Amino acid sequence: AQPGPAVPPAQATSVPGPQQAPGPQQAPGPQQAPGAAWNPGPAPQPPVIPGYYPKGCLSQAFEDITKVPGVMKRIVQIALLPAAIAFVSLLALVIPVIGWIACPIGLLLSWCAGICCNGYAIEWGRELSRGRGFDASGSILRSSLFSLGFFSSSLSSLLSLLAFVPMIVGWFILVFGSIGIAAARYSIGMSGLEGLLVLLVMGLYAVSGVASIFLSMFSDASVMHLAVTGRVESGFALGRVWKTFKSQLGKLFCASVLPGLIAGAVLAVAIMVLVFILLAVIASSVSSMGYGYSYSYSYSYNPIQAIVSGGFVTLLIIGLIAFAASFVGAFVSVLKYRAVGYWAQRYAPEWTHEGDADYTFRLPVGHGPASASGSVPGGPVQ
């Protein structure tokens, strides 16, 4: 017998088995992980209000300084580096001829180090808006930080000088007005313009003081505008800075002026205490010197000798005063520009991409996103 045609596997029939009645269908429900009887889910978040920030610019900047690792160490470096270079340069004066040449060079290097430190403070505030791969753990003495610090310091100095114009006018009025009043009194024997002259000069001095506060705030905003855009010509675009400046004046005052006022008051109290201690040491030295020469008619008081006789305590107190002044200056600079950086990030976001494709001369700083070697806002500083 010949075999029949093979049946393909797809057409092969299977013997049906016993049919089972389908069970009741269960309604699909959420599947839970084993052991998780109840999951409440994420906690409800409060609604986000546009333009609302839980902390102000100054308080947020202070938190960054006190909580980000390495920032206080960097502030101490900023405070000590220019001062140490200047101190060593002055000590070089004891070396004949060579020291007289090395001292001016060292003082120039100290000034350059101070400019770099100022650029570091501005750069740390600018990274909030740009995030251009700022290497916070790198060396302070960098050409990019010097460029930023130099142009920013020049712009700030130029704007701050305008505040002295009313004071200079008042000084000229006082000098020439006094001459005119004296001449009138000599010629006609009477003059009643002294009081008016004094009031006018005092008014001009008051205008100069108020203008110095406003111009200091405006110069800090202009410096941050220059830093965020990275363009030198942005330093002359004062109209764009004025637009944000006049709308957020109170917040800029807290970020720009308030740190200096608070730190200045604390520094004044600290220096006053140290000066009282220093005077007590000098008085003790003078009394001991006077007791030793009480029966000598040739004794004369020498304040330099009294200070030197204080020895280590006097030198320690003078060193503490110098360090306190330098540290407070560095702390205020870093805190102020970090706070102004938050102010620019929150209330002037249009500065970030201002003229990205249209510029004449850019500052030599990094461009592009933050790299692995750089730091992100709030990242650690070595």
# chains A, B, ... in the order shown; residues from 1 in each chain; ligands from 1
>>> closest_atom_pairs(of="range 217-275 of chain A", to="range 61-81 of chain A", cutoff="12 Å", atoms="only C-alpha atoms", output="tab-separated table")
residue	atom	partner	partner_atom	distance
A:Cys254	CA	A:Ala61	CA	11.3
A:Ala255	CA	A:Ala61	CA	8.9
A:Ser256	CA	A:Ala61	CA	11.5
A:Pro259	CA	A:Phe62	CA	9.7
>>> write_last_selection(atoms="C-alpha atoms", output="mmCIF file, in the first residue's frame")
data_model
loop_
_atom_site.group_PDB
_atom_site.id
_atom_site.type_symbol
_atom_site.label_atom_id
_atom_site.label_comp_id
_atom_site.auth_asym_id
_atom_site.auth_seq_id
_atom_site.Cartn_x
_atom_site.Cartn_y
_atom_site.Cartn_z
ATOM 1 C CA CYS A 254 18.831 93.635 49.980
ATOM 2 C CA ALA A 255 21.196 91.774 47.651
ATOM 3 C CA SER A 256 23.687 94.572 46.965
ATOM 4 C CA PRO A 259 25.454 92.651 53.108
#
>>> residues_around(residues="Ala344 in chain A", least_positions_apart="4", cutoff="10 Å", atoms="only C-alpha atoms", output="mmCIF file with N, CA, C and O atoms, in the first residue's frame")
data_model
loop_
_atom_site.group_PDB
_atom_site.id
_atom_site.type_symbol
_atom_site.label_atom_id
_atom_site.label_comp_id
_atom_site.auth_asym_id
_atom_site.auth_seq_id
_atom_site.Cartn_x
_atom_site.Cartn_y
_atom_site.Cartn_z
ATOM 1 N N CYS A 57 16.940 86.548 47.832
ATOM 2 C CA CYS A 57 18.241 86.392 47.177
ATOM 3 C C CYS A 57 19.376 86.364 48.193
ATOM 4 O O CYS A 57 20.293 85.538 48.095
ATOM 5 N N GLY A 125 28.578 84.042 41.078
ATOM 6 C CA GLY A 125 27.208 84.534 40.984
ATOM 7 C C GLY A 125 26.646 84.399 39.581
ATOM 8 O O GLY A 125 25.455 84.167 39.396
ATOM 9 N N ARG A 126 27.506 84.503 38.561
ATOM 10 C CA ARG A 126 27.037 84.424 37.183
ATOM 11 C C ARG A 126 26.621 83.015 36.788
ATOM 12 O O ARG A 126 25.742 82.829 35.941
ATOM 13 N N LEU A 128 24.783 80.998 38.088
ATOM 14 C CA LEU A 128 23.372 80.714 38.329
ATOM 15 C C LEU A 128 22.549 80.923 37.070
ATOM 16 O O LEU A 128 21.581 80.212 36.833
ATOM 17 N N SER A 129 22.918 81.904 36.261
ATOM 18 C CA SER A 129 22.184 82.194 35.033
ATOM 19 C C SER A 129 22.747 81.467 33.822
ATOM 20 O O SER A 129 21.995 81.054 32.943
ATOM 21 N N ALA A 221 24.325 95.771 39.483
ATOM 22 C CA ALA A 221 23.452 95.199 38.458
ATOM 23 C C ALA A 221 24.110 95.251 37.079
ATOM 24 O O ALA A 221 24.014 94.302 36.293
ATOM 25 N N MET A 224 26.780 92.514 36.865
ATOM 26 C CA MET A 224 26.208 91.188 36.640
ATOM 27 C C MET A 224 25.644 91.068 35.233
ATOM 28 O O MET A 224 25.707 89.985 34.620
ATOM 29 N N HIS A 225 25.100 92.160 34.685
ATOM 30 C CA HIS A 225 24.643 92.145 33.292
ATOM 31 C C HIS A 225 25.820 91.912 32.348
ATOM 32 O O HIS A 225 25.731 91.125 31.394
ATOM 33 N N VAL A 228 26.855 88.141 32.870
ATOM 34 C CA VAL A 228 25.925 87.140 32.346
ATOM 35 C C VAL A 228 25.966 87.101 30.824
ATOM 36 O O VAL A 228 25.995 86.029 30.204
ATOM 37 N N THR A 244 15.131 96.538 34.512
ATOM 38 C CA THR A 244 14.973 95.617 35.638
ATOM 39 C C THR A 244 15.290 96.294 36.958
ATOM 40 O O THR A 244 14.704 95.967 37.990
ATOM 41 N N PHE A 245 16.210 97.236 36.939
ATOM 42 C CA PHE A 245 16.636 97.915 38.162
ATOM 43 C C PHE A 245 15.480 98.651 38.817
ATOM 44 O O PHE A 245 15.253 98.539 40.027
ATOM 45 N N LEU A 252 16.991 94.326 44.998
ATOM 46 C CA LEU A 252 18.390 94.588 44.694
ATOM 47 C C LEU A 252 19.095 95.273 45.860
ATOM 48 O O LEU A 252 20.284 95.027 46.096
ATOM 49 N N ARG A 338 26.934 86.714 44.799
ATOM 50 C CA ARG A 338 26.071 85.529 44.733
ATOM 51 C C ARG A 338 24.603 85.942 44.838
ATOM 52 O O ARG A 338 23.745 85.418 44.117
ATOM 53 N N ALA A 339 24.306 86.884 45.736
ATOM 54 C CA ALA A 339 22.932 87.363 45.875
ATOM 55 C C ALA A 339 22.473 88.123 44.633
ATOM 56 O O ALA A 339 21.340 87.956 44.168
ATOM 57 N N VAL A 340 23.354 88.958 44.072
ATOM 58 C CA VAL A 340 23.002 89.665 42.837
ATOM 59 C C VAL A 340 22.845 88.678 41.685
ATOM 60 O O VAL A 340 22.029 88.883 40.780
ATOM 61 N N ALA A 348 15.757 88.878 35.816
ATOM 62 C CA ALA A 348 16.271 89.299 34.501
ATOM 63 C C ALA A 348 16.698 88.085 33.691
ATOM 64 O O ALA A 348 17.856 87.979 33.277
ATOM 65 N N PRO A 349 15.793 87.127 33.459
ATOM 66 C CA PRO A 349 16.197 85.932 32.698
ATOM 67 C C PRO A 349 16.521 86.234 31.246
ATOM 68 O O PRO A 349 17.195 85.437 30.593
ATOM 69 N N GLU A 350 16.051 87.369 30.738
ATOM 70 C CA GLU A 350 16.341 87.689 29.341
ATOM 71 C C GLU A 350 17.815 88.035 29.120
ATOM 72 O O GLU A 350 18.282 88.041 27.975
ATOM 73 N N TRP A 351 18.557 88.309 30.178
ATOM 74 C CA TRP A 351 19.980 88.582 30.014
ATOM 75 C C TRP A 351 20.758 87.345 29.564
ATOM 76 O O TRP A 351 21.837 87.478 28.981
ATOM 77 N N THR A 352 20.231 86.163 29.854
ATOM 78 C CA THR A 352 20.997 84.947 29.619
ATOM 79 C C THR A 352 21.346 84.769 28.144
ATOM 80 O O THR A 352 22.479 84.437 27.794
#
>>> closest_residue(among="A:Lys251, A:Ile317, A:Val175, A:Ser216", to="Lys55 in chain A", atoms="only C-alpha atoms")
A:Lys251
>>> closest_residue(among="A:Met217, A:Val223, A:Val201, A:Ala280", to="Leu249 in chain A", atoms="only C-alpha atoms")
A:Met217
>>> closest_residue(among="A:Val332, A:Gly195, A:Leu215, A:Arg346", to="Leu261 in chain A", atoms="only C-alpha atoms")
A:Val332
>>> closest_residue(among="A:Leu199, A:Leu278, A:Ala283, A:Leu148", to="Val232 in chain A", atoms="only C-alpha atoms")
A:Leu148
>>> residues_around(residues="Leu90 in chain A", least_positions_apart="3", cutoff="6 Å", atoms="only C-alpha atoms", output="short mmCIF file (atom, residue, chain, number, x, y, z; two decimals) with all heavy atoms, in the first residue's frame")
data_model
loop_
_atom_site.label_atom_id
_atom_site.label_comp_id
_atom_site.auth_asym_id
_atom_site.auth_seq_id
_atom_site.Cartn_x
_atom_site.Cartn_y
_atom_site.Cartn_z
N PHE A 87 52.25 91.55 51.80
CA PHE A 87 53.09 91.51 53.00
C PHE A 87 54.51 91.05 52.67
O PHE A 87 55.49 91.65 53.14
CB PHE A 87 52.45 90.57 54.03
CG PHE A 87 53.22 90.45 55.31
CD1 PHE A 87 53.23 91.49 56.22
CD2 PHE A 87 53.95 89.31 55.59
CE1 PHE A 87 53.95 91.39 57.41
CE2 PHE A 87 54.67 89.20 56.77
CZ PHE A 87 54.67 90.24 57.68
N LEU A 93 61.58 94.96 51.19
CA LEU A 93 62.25 96.26 51.24
C LEU A 93 63.51 96.24 52.11
O LEU A 93 64.37 97.12 51.97
CB LEU A 93 61.28 97.32 51.77
CG LEU A 93 60.16 97.76 50.81
CD1 LEU A 93 59.22 98.70 51.52
CD2 LEU A 93 60.75 98.42 49.56
N CYS A 103 59.70 94.97 45.48
CA CYS A 103 58.50 95.42 46.21
C CYS A 103 57.43 95.97 45.27
O CYS A 103 56.27 95.56 45.38
CB CYS A 103 58.89 96.45 47.26
SG CYS A 103 57.50 97.09 48.22
#
>>> closest_residue(among="A:Ala163, A:Leu158, A:Gly170, A:Ala263", to="Ser326 in chain A", atoms="only C-alpha atoms")
A:Ala263
>>> residues_around(residues="range 208-211 of chain A", least_positions_apart="6", cutoff="10 Å", atoms="only C-alpha atoms", output="PyMOL selection string")
chain A and resi 160+162-170+202+217
>>> atom_distance(atom1="CA of Tyr53 in chain A", atom2="CA of Trp343 in chain A")
11.2 Å
